[in-house]
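Source file: protein_39.pdb (PDB, C-alpha atoms)
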```pdb
ATOM      1  CA  MET T   1      27.496  -5.641  13.501
ATOM      2  CA  ASN T   2      24.684  -4.690  15.891
ATOM      3  CA  ASP T   3      22.438  -6.924  18.002
ATOM      4  CA  ASP T   4      19.561  -6.647  15.497
ATOM      5  CA  ASP T   5      21.724  -8.043  12.703
ATOM      6  CA  ILE T   6      22.779 -10.986  14.842
ATOM      7  CA  PHE T   7      19.199 -11.715  15.874
ATOM      8  CA  ALA T   8      18.088 -11.380  12.245
ATOM      9  CA  ARG T   9      20.655 -14.052  11.300
ATOM     10  CA  TRP T  10      19.258 -16.437  13.902
ATOM     11  CA  ALA T  11      15.729 -15.700  12.693
ATOM     12  CA  ALA T  12      16.677 -16.236   9.034
ATOM     13  CA  LEU T  13      18.139 -19.610   9.968
ATOM     14  CA  ALA T  14      15.022 -20.500  11.981
ATOM     15  CA  ARG T  15      12.862 -19.727   8.938
ATOM     16  CA  GLY T  16      14.054 -22.966   7.352
ATOM     17  CA  GLU T  17      12.693 -25.082  10.194
ATOM     18  CA  ASP T  18      10.091 -27.748   9.411
ATOM     19  CA  ALA T  19       6.912 -27.620  11.497
ATOM     20  CA  PRO T  20       5.383 -30.848  12.837
ATOM     21  CA  ARG T  21       2.958 -32.476  10.402
ATOM     22  CA  THR T  22      -0.680 -32.233  11.372
ATOM     23  CA  ASP T  23      -3.875 -33.867  10.166
ATOM     24  CA  ALA T  24      -6.445 -31.220  10.918
ATOM     25  CA  ALA T  25      -9.259 -32.213   8.534
ATOM     26  CA  PRO T  26     -11.012 -34.904  10.648
ATOM     27  CA  GLY T  27     -10.960 -32.773  13.819
ATOM     28  CA  VAL T  28     -12.038 -29.612  12.013
ATOM     29  CA  LEU T  29     -14.920 -31.339  10.235
ATOM     30  CA  ALA T  30     -16.084 -32.863  13.527
ATOM     31  CA  ARG T  31     -15.965 -29.440  15.196
ATOM     32  CA  ILE T  32     -17.829 -27.596  12.461
ATOM     33  CA  ARG T  33     -20.577 -30.214  12.472
ATOM     34  CA  THR T  34     -21.259 -29.357  16.102
ATOM     35  CA  ALA T  35     -20.751 -25.579  15.558
ATOM     36  CA  PRO T  36     -22.407 -24.632  12.247
ATOM     37  CA  ALA T  37     -21.416 -21.477  10.384
ATOM     38  CA  GLU T  38     -22.760 -18.316  11.987
ATOM     39  CA  GLU T  39     -25.669 -16.507  10.398
ATOM     40  CA  PRO T  40     -24.946 -12.834  11.117
ATOM     41  CA  GLY T  41     -28.276 -11.729   9.640
ATOM     42  CA  LEU T  42     -30.215 -14.021  11.942
ATOM     43  CA  TRP T  43     -28.271 -12.871  15.002
ATOM     44  CA  THR T  44     -28.718  -9.213  14.075
ATOM     45  CA  PHE T  45     -32.452  -9.715  13.636
ATOM     46  CA  ALA T  46     -32.750 -11.654  16.907
ATOM     47  CA  SER T  47     -30.705  -9.027  18.818
ATOM     48  CA  ALA T  48     -32.698  -6.132  17.363
ATOM     49  CA  SER T  49     -35.995  -7.860  18.193
ATOM     50  CA  ALA T  50     -34.850  -8.551  21.751
ATOM     51  CA  CYS T  51     -33.759  -4.919  22.126
ATOM     52  CA  ALA T  52     -37.110  -3.627  20.802
ATOM     53  CA  ALA T  53     -39.019  -5.995  23.098
ATOM     54  CA  ALA T  54     -36.975  -4.799  26.075
ATOM     55  CA  VAL T  55     -37.688  -1.108  25.304
ATOM     56  CA  VAL T  56     -41.406  -1.805  24.852
ATOM     57  CA  GLY T  57     -41.495  -3.972  27.978
ATOM     58  CA  VAL T  58     -39.786  -1.403  30.193
ATOM     59  CA  PHE T  59     -41.030   1.925  28.801
ATOM     60  CA  GLY T  60     -44.166   0.992  26.828
ATOM     61  CA  TRP T  61     -45.208   1.513  23.210
ATOM     62  CA  GLN T  62     -45.120   5.286  23.388
ATOM     63  CA  ALA T  63     -41.430   5.269  24.242
ATOM     64  CA  TRP T  64     -40.677   3.008  21.283
ATOM     65  CA  ASN T  65     -42.700   5.228  18.922
ATOM     66  CA  ALA T  66     -40.956   8.313  20.283
ATOM     67  CA  LEU T  67     -37.576   6.686  19.751
ATOM     68  CA  LEU T  68     -38.396   5.802  16.141
ATOM     69  CA  GLY T  69     -39.868   9.252  15.570
ATOM     70  CA  ASP T  70     -36.722  10.935  16.895
ATOM     71  CA  TRP T  71     -34.544   8.772  14.700
ATOM     72  CA  TYR T  72     -36.686   9.476  11.624
ATOM     73  CA  GLY T  73     -36.705  13.199  12.378
ATOM     74  CA  TRP T  74     -32.942  13.211  12.797
ATOM     75  CA  LEU T  75     -32.569  11.396   9.477
ATOM     76  CA  GLN T  76     -34.738  13.993   7.741
ATOM     77  CA  ASP T  77     -32.778  16.860   9.295
ATOM     78  CA  PHE T  78     -29.534  15.291   8.208
ATOM     79  CA  SER T  79     -30.678  14.655   4.637
ATOM     80  CA  GLN T  80     -31.922  18.248   4.295
ATOM     81  CA  TRP T  81     -28.853  19.846   5.808
ATOM     82  CA  ARG T  82     -27.031  22.353   3.609
ATOM     83  CA  PRO T  83     -23.861  24.280   4.393
ATOM     84  CA  LEU T  84     -24.387  27.978   5.065
TER
ATOM     85  CA  MET W   1       0.621 -15.434 -11.326
ATOM     86  CA  SER W   2       1.714 -18.741 -12.944
ATOM     87  CA  MET W   3      -0.682 -21.210 -14.566
ATOM     88  CA  SER W   4      -0.489 -23.570 -11.568
ATOM     89  CA  ASP W   5      -1.096 -20.679  -9.129
ATOM     90  CA  SER W   6      -4.071 -19.588 -11.193
ATOM     91  CA  ALA W   7      -5.462 -23.141 -11.259
ATOM     92  CA  ALA W   8      -4.974 -23.450  -7.483
ATOM     93  CA  ALA W   9      -6.730 -20.109  -6.965
ATOM     94  CA  ASP W  10      -9.643 -21.305  -9.093
ATOM     95  CA  GLU W  11      -9.836 -24.542  -7.098
ATOM     96  CA  ASP W  12      -9.750 -22.577  -3.823
ATOM     97  CA  SER W  13     -12.477 -20.276  -5.029
ATOM     98  CA  ALA W  14     -14.698 -23.153  -6.169
ATOM     99  CA  ASP W  15     -14.151 -25.147  -2.974
ATOM    100  CA  ALA W  16     -14.747 -22.091  -0.779
ATOM    101  CA  GLY W  17     -18.043 -21.493  -2.570
ATOM    102  CA  ALA W  18     -19.075 -25.134  -2.157
ATOM    103  CA  ALA W  19     -17.999 -25.192   1.504
ATOM    104  CA  ARG W  20     -20.084 -22.065   2.127
ATOM    105  CA  GLY W  21     -23.032 -24.091   0.878
ATOM    106  CA  GLY W  22     -22.286 -26.810   3.446
ATOM    107  CA  ASP W  23     -20.061 -29.148   1.381
ATOM    108  CA  GLY W  24     -17.720 -30.701   3.968
ATOM    109  CA  LYS W  25     -15.644 -32.518   1.339
ATOM    110  CA  ALA W  26     -14.871 -29.230  -0.405
ATOM    111  CA  PHE W  27     -13.723 -27.735   2.884
ATOM    112  CA  ALA W  28     -11.587 -30.825   3.579
ATOM    113  CA  ARG W  29      -9.863 -30.253   0.210
ATOM    114  CA  LEU W  30      -9.174 -26.641   1.198
ATOM    115  CA  ILE W  31      -7.698 -27.827   4.495
ATOM    116  CA  ARG W  32      -5.402 -30.330   2.765
ATOM    117  CA  ARG W  33      -4.157 -27.740   0.276
ATOM    118  CA  HIS W  34      -3.350 -25.131   2.941
ATOM    119  CA  GLU W  35      -2.575 -27.201   6.032
ATOM    120  CA  ALA W  36       1.222 -27.268   5.624
ATOM    121  CA  ALA W  37       1.432 -23.472   5.333
ATOM    122  CA  VAL W  38      -0.859 -22.955   8.319
ATOM    123  CA  ALA W  39       1.070 -25.529  10.386
ATOM    124  CA  ALA W  40       4.368 -23.781   9.559
ATOM    125  CA  ARG W  41       2.942 -20.427  10.615
ATOM    126  CA  MET W  42       1.355 -21.698  13.856
ATOM    127  CA  TRP W  43       4.639 -23.388  14.870
ATOM    128  CA  ARG W  44       5.917 -19.830  15.349
ATOM    129  CA  PHE W  45       3.178 -19.205  17.889
ATOM    130  CA  THR W  46       3.725 -22.302  20.027
ATOM    131  CA  ARG W  47       6.371 -25.004  20.365
ATOM    132  CA  ASP W  48       4.001 -27.354  22.184
ATOM    133  CA  PRO W  49       2.985 -30.050  19.644
ATOM    134  CA  GLY W  50      -0.442 -30.571  21.254
ATOM    135  CA  ALA W  51      -1.239 -26.848  21.392
ATOM    136  CA  HIS W  52       0.095 -26.495  17.853
ATOM    137  CA  ALA W  53      -2.298 -29.140  16.493
ATOM    138  CA  ASP W  54      -5.190 -27.434  18.324
ATOM    139  CA  LEU W  55      -4.205 -24.030  16.936
ATOM    140  CA  VAL W  56      -4.094 -25.354  13.370
ATOM    141  CA  GLN W  57      -7.607 -26.749  13.856
ATOM    142  CA  GLU W  58      -8.796 -23.473  15.368
ATOM    143  CA  VAL W  59      -7.601 -21.561  12.324
ATOM    144  CA  PHE W  60      -9.616 -23.757   9.975
ATOM    145  CA  VAL W  61     -12.699 -23.693  12.209
ATOM    146  CA  ALA W  62     -12.494 -19.872  12.278
ATOM    147  CA  ALA W  63     -12.024 -19.889   8.490
ATOM    148  CA  TYR W  64     -15.133 -22.037   8.048
ATOM    149  CA  GLN W  65     -17.169 -19.757  10.297
ATOM    150  CA  GLY W  66     -15.929 -16.715   8.374
ATOM    151  CA  LEU W  67     -16.389 -18.147   4.861
ATOM    152  CA  GLY W  68     -19.294 -15.764   4.311
ATOM    153  CA  GLY W  69     -16.804 -12.885   4.451
ATOM    154  CA  TYR W  70     -14.367 -14.386   1.945
ATOM    155  CA  ARG W  71     -14.281 -12.580  -1.384
ATOM    156  CA  ALA W  72     -12.813 -14.668  -4.210
ATOM    157  CA  SER W  73     -11.187 -11.514  -5.651
ATOM    158  CA  GLY W  74      -8.173 -12.113  -3.357
ATOM    159  CA  PRO W  75      -6.101 -15.270  -2.811
ATOM    160  CA  PHE W  76      -7.608 -17.689  -0.304
ATOM    161  CA  ALA W  77      -4.113 -18.281   1.171
ATOM    162  CA  HIS W  78      -3.791 -14.603   2.033
ATOM    163  CA  TRP W  79      -7.256 -14.476   3.606
ATOM    164  CA  LEU W  80      -6.373 -17.583   5.622
ATOM    165  CA  ALA W  81      -3.022 -16.069   6.676
ATOM    166  CA  VAL W  82      -4.838 -13.115   8.267
ATOM    167  CA  ILE W  83      -7.087 -15.515  10.209
ATOM    168  CA  ALA W  84      -4.045 -17.555  11.296
ATOM    169  CA  VAL W  85      -2.156 -14.493  12.549
ATOM    170  CA  ARG W  86      -5.200 -13.353  14.536
ATOM    171  CA  ALA W  87      -5.682 -16.825  16.027
ATOM    172  CA  GLY W  88      -2.021 -16.959  17.042
ATOM    173  CA  TYR W  89      -2.141 -13.493  18.544
ATOM    174  CA  ALA W  90      -5.292 -14.385  20.506
ATOM    175  CA  TYR W  91      -3.504 -17.521  21.748
ATOM    176  CA  TRP W  92      -0.610 -15.420  23.061
ATOM    177  CA  ARG W  93      -2.918 -12.846  24.609
ATOM    178  CA  ALA W  94      -4.786 -15.578  26.493
ATOM    179  CA  ARG W  95      -1.464 -16.725  27.978
ATOM    180  CA  ALA W  96       0.181 -13.334  28.477
ATOM    181  CA  ARG W  97      -0.170 -13.122  32.237
ATOM    182  CA  ARG W  98       3.580 -13.467  32.711
ATOM    183  CA  PRO W  99       6.043 -13.442  29.795
ATOM    184  CA  ASP W 100       8.631 -16.230  29.891
ATOM    185  CA  ALA W 101      12.135 -15.371  31.095
ATOM    186  CA  LEU W 102      15.117 -15.988  28.852
ATOM    187  CA  ASP W 103      17.768 -18.190  30.420
ATOM    188  CA  GLU W 104      21.402 -17.125  30.520
ATOM    189  CA  THR W 105      22.663 -19.811  28.136
ATOM    190  CA  ALA W 106      20.159 -18.870  25.431
ATOM    191  CA  ALA W 107      20.932 -15.152  25.813
ATOM    192  CA  ARG W 108      24.651 -15.813  25.506
ATOM    193  CA  ARG W 109      24.165 -17.865  22.355
ATOM    194  CA  LEU W 110      21.959 -15.214  20.760
ATOM    195  CA  ALA W 111      24.610 -12.557  21.401
ATOM    196  CA  GLU W 112      26.845 -14.250  18.811
ATOM    197  CA  SER W 113      26.101 -15.096  15.171
ATOM    198  CA  PRO W 114      24.912 -18.688  14.658
ATOM    199  CA  PRO W 115      27.944 -20.969  14.243
ATOM    200  CA  PRO W 116      28.193 -22.837  10.905
ATOM    201  CA  GLY W 117      26.196 -26.035  10.953
ATOM    202  CA  THR W 118      23.587 -24.777  13.418
ATOM    203  CA  ALA W 119      20.331 -26.629  12.777
ATOM    204  CA  ALA W 120      17.255 -24.621  11.788
ATOM    205  CA  ALA W 121      15.247 -26.300  14.561
ATOM    206  CA  GLU W 122      17.803 -25.215  17.172
ATOM    207  CA  ALA W 123      17.737 -21.645  15.862
ATOM    208  CA  GLY W 124      13.935 -21.765  15.866
ATOM    209  CA  GLU W 125      13.873 -22.841  19.498
ATOM    210  CA  LEU W 126      16.260 -20.053  20.576
ATOM    211  CA  VAL W 127      14.446 -17.338  18.630
ATOM    212  CA  HIS W 128      11.116 -18.534  19.994
ATOM    213  CA  ARG W 129      12.426 -18.379  23.575
ATOM    214  CA  ALA W 130      13.812 -14.871  23.047
ATOM    215  CA  LEU W 131      10.564 -13.550  21.564
ATOM    216  CA  ALA W 132       8.560 -15.202  24.344
ATOM    217  CA  CYS W 133      10.080 -12.595  26.728
ATOM    218  CA  LEU W 134       8.040  -9.877  25.017
ATOM    219  CA  PRO W 135       4.387  -8.840  25.367
ATOM    220  CA  PRO W 136       2.086 -10.214  22.587
ATOM    221  CA  ARG W 137       2.041  -7.079  20.384
ATOM    222  CA  ASP W 138       5.833  -6.790  20.356
ATOM    223  CA  ARG W 139       6.190 -10.498  19.847
ATOM    224  CA  LEU W 140       3.766 -10.475  16.929
ATOM    225  CA  VAL W 141       5.467  -7.684  15.016
ATOM    226  CA  LEU W 142       8.941  -9.202  15.436
ATOM    227  CA  THR W 143       7.670 -12.672  14.540
ATOM    228  CA  LEU W 144       6.281 -11.335  11.271
ATOM    229  CA  LEU W 145       9.279  -9.178  10.410
ATOM    230  CA  TYR W 146      12.084 -11.477  11.577
ATOM    231  CA  LEU W 147      10.760 -15.032  11.576
ATOM    232  CA  GLU W 148       8.482 -14.780   8.548
ATOM    233  CA  GLY W 149      10.653 -12.217   6.772
ATOM    234  CA  ARG W 150       7.615 -10.055   5.970
ATOM    235  CA  THR W 151       7.877  -6.450   4.810
ATOM    236  CA  VAL W 152       6.277  -3.647   6.826
ATOM    237  CA  ALA W 153       3.451  -3.450   4.265
ATOM    238  CA  GLU W 154       2.760  -7.182   4.497
ATOM    239  CA  ALA W 155       2.876  -7.121   8.304
ATOM    240  CA  ALA W 156       0.394  -4.234   8.231
ATOM    241  CA  GLU W 157      -1.989  -6.236   6.044
ATOM    242  CA  LEU W 158      -1.734  -9.324   8.224
ATOM    243  CA  THR W 159      -2.253  -7.499  11.511
ATOM    244  CA  GLY W 160      -4.730  -4.885  10.330
ATOM    245  CA  TRP W 161      -2.458  -2.146  11.732
ATOM    246  CA  SER W 162      -1.261   0.855   9.734
ATOM    247  CA  ARG W 163       2.278   0.813   8.309
ATOM    248  CA  VAL W 164       3.294   3.578  10.686
ATOM    249  CA  MET W 165       1.926   1.532  13.581
ATOM    250  CA  VAL W 166       3.935  -1.505  12.484
ATOM    251  CA  LYS W 167       7.115   0.587  12.273
ATOM    252  CA  VAL W 168       6.572   2.163  15.688
ATOM    253  CA  GLN W 169       5.680  -1.173  17.273
ATOM    254  CA  ALA W 170       8.731  -2.823  15.691
ATOM    255  CA  TRP W 171      11.026  -0.052  16.933
ATOM    256  CA  ARG W 172       9.699  -0.426  20.490
ATOM    257  CA  ALA W 173       9.810  -4.216  20.319
ATOM    258  CA  ARG W 174      13.416  -4.239  19.111
ATOM    259  CA  ALA W 175      14.400  -1.952  21.997
ATOM    260  CA  LYS W 176      12.683  -4.282  24.488
ATOM    261  CA  LEU W 177      14.292  -7.367  22.962
ATOM    262  CA  ARG W 178      17.739  -5.739  23.025
ATOM    263  CA  LYS W 179      17.224  -4.828  26.658
ATOM    264  CA  ALA W 180      16.065  -8.343  27.530
ATOM    265  CA  LEU W 181      19.076  -9.902  25.825
ATOM    266  CA  GLU W 182      21.487  -7.439  27.471
ATOM    267  CA  THR W 183      19.921  -7.883  30.902
ATOM    268  CA  GLU W 184      20.188 -11.635  30.634
ATOM    269  CA  ASP W 185      23.726 -11.326  29.297
ATOM    270  CA  GLU W 186      24.857  -9.173  32.235
ATOM    271  CA  ARG W 187      23.820 -11.713  34.874
TER
END
```
Re-express the file's structure as structure tokens.
Amino acid sequence: MNDDDIFARWAALARGEDAPRTDAAPGVLARIRTAPAEEPGLWTFASASACAAAVVGVFGWQAWNALLGDWYGWLQDFSQWRPL
Amino acid sequence: MSMSDSAAADEDSADAGAARGGDGKAFARLIRRHEAAVAARMWRFTRDPGAHADLVQEVFVAAYQGLGGYRASGPFAHWLAVIAVRAGYAYWRARARRPDALDETAARRLAESPPPGTAAAEAGELVHRALACLPPRDRLVLTLLYLEGRTVAEAAELTGWSRVMVKVQAWRARAKLRKALETEDER
């Protein structure tokens, strides 16, 4: 018998162990009242707006328009791409 | 799936939907139905009763925050198991600065098969101490395969790793565990 088999026997025995009883509900409900469920859409919108504002603030409107134009142009190129 | 399993799945699905809408009582029912299974799993991640209670709470808080991503097409228990495994792994990673050392007595006992009449709690303590010698990734894969008796496919689903990754990680982890047990045994 190798070491793995012996360890597996100990582990199989340990599988029957009872864990301590817990009463999580009151604590969990108290915590989620103070930390409401995340709204990914809201965070995405807020992050994107902050990013756009930062680009405009640092580089001006022209830079933002150029960035959007590049992205739109790249999208058009990609959609019209055909294999040779 | 039996009738009772199907009814439980329906209840889970309904309560998850209500909890997503802000119904705290529905979420409390979900907690009560799944708490024993989560507590059993988290006891494999820590033997400290205080930390264990905190970890169980953390799993359910994470589940509540992720309810938007739950799809009722799969069992709620399975979705929760993935969250629990990730919470436990994060707990180990946060405390992985220095893996625990295995004492000589424990190593010597683990070198022999468990004697008849060995209590499950005693075996659990020894196995936990042996696995605590390993880095979190190795510890996680051996905990799932040995302590939970999961298959490679199930371990892959719970960890989010590929099956090949689980096999490779398990092979490396077993080699490290063997070395740790031998090293301690040779002292």
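Going from atom CA of W:Gly160 over to atom CA of T:Asp23, you cover 29.0 Å.
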- Item | Atom-to-atom span, atom CA of W:Phe76 and atom CA of W:Trp92, Å |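 Interatomic distance here is 24.5 Å.
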- Item | Output check: residues returned by the PyMOL selection byres ((chain W and resi 28) around 9), as number ranges by chain | T: 24-26, 28-29; W: 19, 23-27, 29-33
Serialized selection, C-alpha atoms, as an mmCIF file, in the frame of the given file:
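Dumped to out-v3.cif:
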```
data_model
loop_
_atom_site.group_PDB
_atom_site.id
_atom_site.type_symbol
_atom_site.label_atom_id
_atom_site.label_comp_id
_atom_site.auth_asym_id
_atom_site.auth_seq_id
_atom_site.Cartn_x
_atom_site.Cartn_y
_atom_site.Cartn_z
ATOM 1 C CA ALA T 24 -6.445 -31.220 10.918
ATOM 2 C CA ALA T 25 -9.259 -32.213 8.534
ATOM 3 C CA PRO T 26 -11.012 -34.904 10.648
ATOM 4 C CA VAL T 28 -12.038 -29.612 12.013
ATOM 5 C CA LEU T 29 -14.920 -31.339 10.235
ATOM 6 C CA ALA W 19 -17.999 -25.192 1.504
ATOM 7 C CA ASP W 23 -20.061 -29.148 1.381
ATOM 8 C CA GLY W 24 -17.720 -30.701 3.968
ATOM 9 C CA LYS W 25 -15.644 -32.518 1.339
ATOM 10 C CA ALA W 26 -14.871 -29.230 -0.405
ATOM 11 C CA PHE W 27 -13.723 -27.735 2.884
ATOM 12 C CA ARG W 29 -9.863 -30.253 0.210
ATOM 13 C CA LEU W 30 -9.174 -26.641 1.198
ATOM 14 C CA ILE W 31 -7.698 -27.827 4.495
ATOM 15 C CA ARG W 32 -5.402 -30.330 2.765
ATOM 16 C CA ARG W 33 -4.157 -27.740 0.276
#
```
- Which residues match the PyMOL selection byres ((chain T and resi 12) around 12) in the file above, as a PyMOL selection string? (chain T and resi 4-11+13-17) or (chain W and resi 113-114+118-121+123-124+127+143-150)
- Query: Exactly which residues make up the result of the PyMOL selection byres ((chain W and resi 60-66) around 10) on this file, given as a ChimeraX atom specification?
  - Reply: /T:24-25,27-32,35-39 /W:16,19-20,22,24,27-28,30-31,34-35,38,55-59,67-70,79-84,87
- Would you work out the distance separating atom CA of W:Ala175 from atom CA of W:Leu142, expressed in Å to one decimal?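 Computing the Euclidean distance for atom CA of W:Ala175 and atom CA of W:Leu142 yields 11.2 Å.
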- Query: Smallest atom-to-atom distance to chain W: which of T:Pro20, T:Ser47, T:Asn65, T:Trp71, using only C-alpha atoms?
  - Reply: T:Pro20
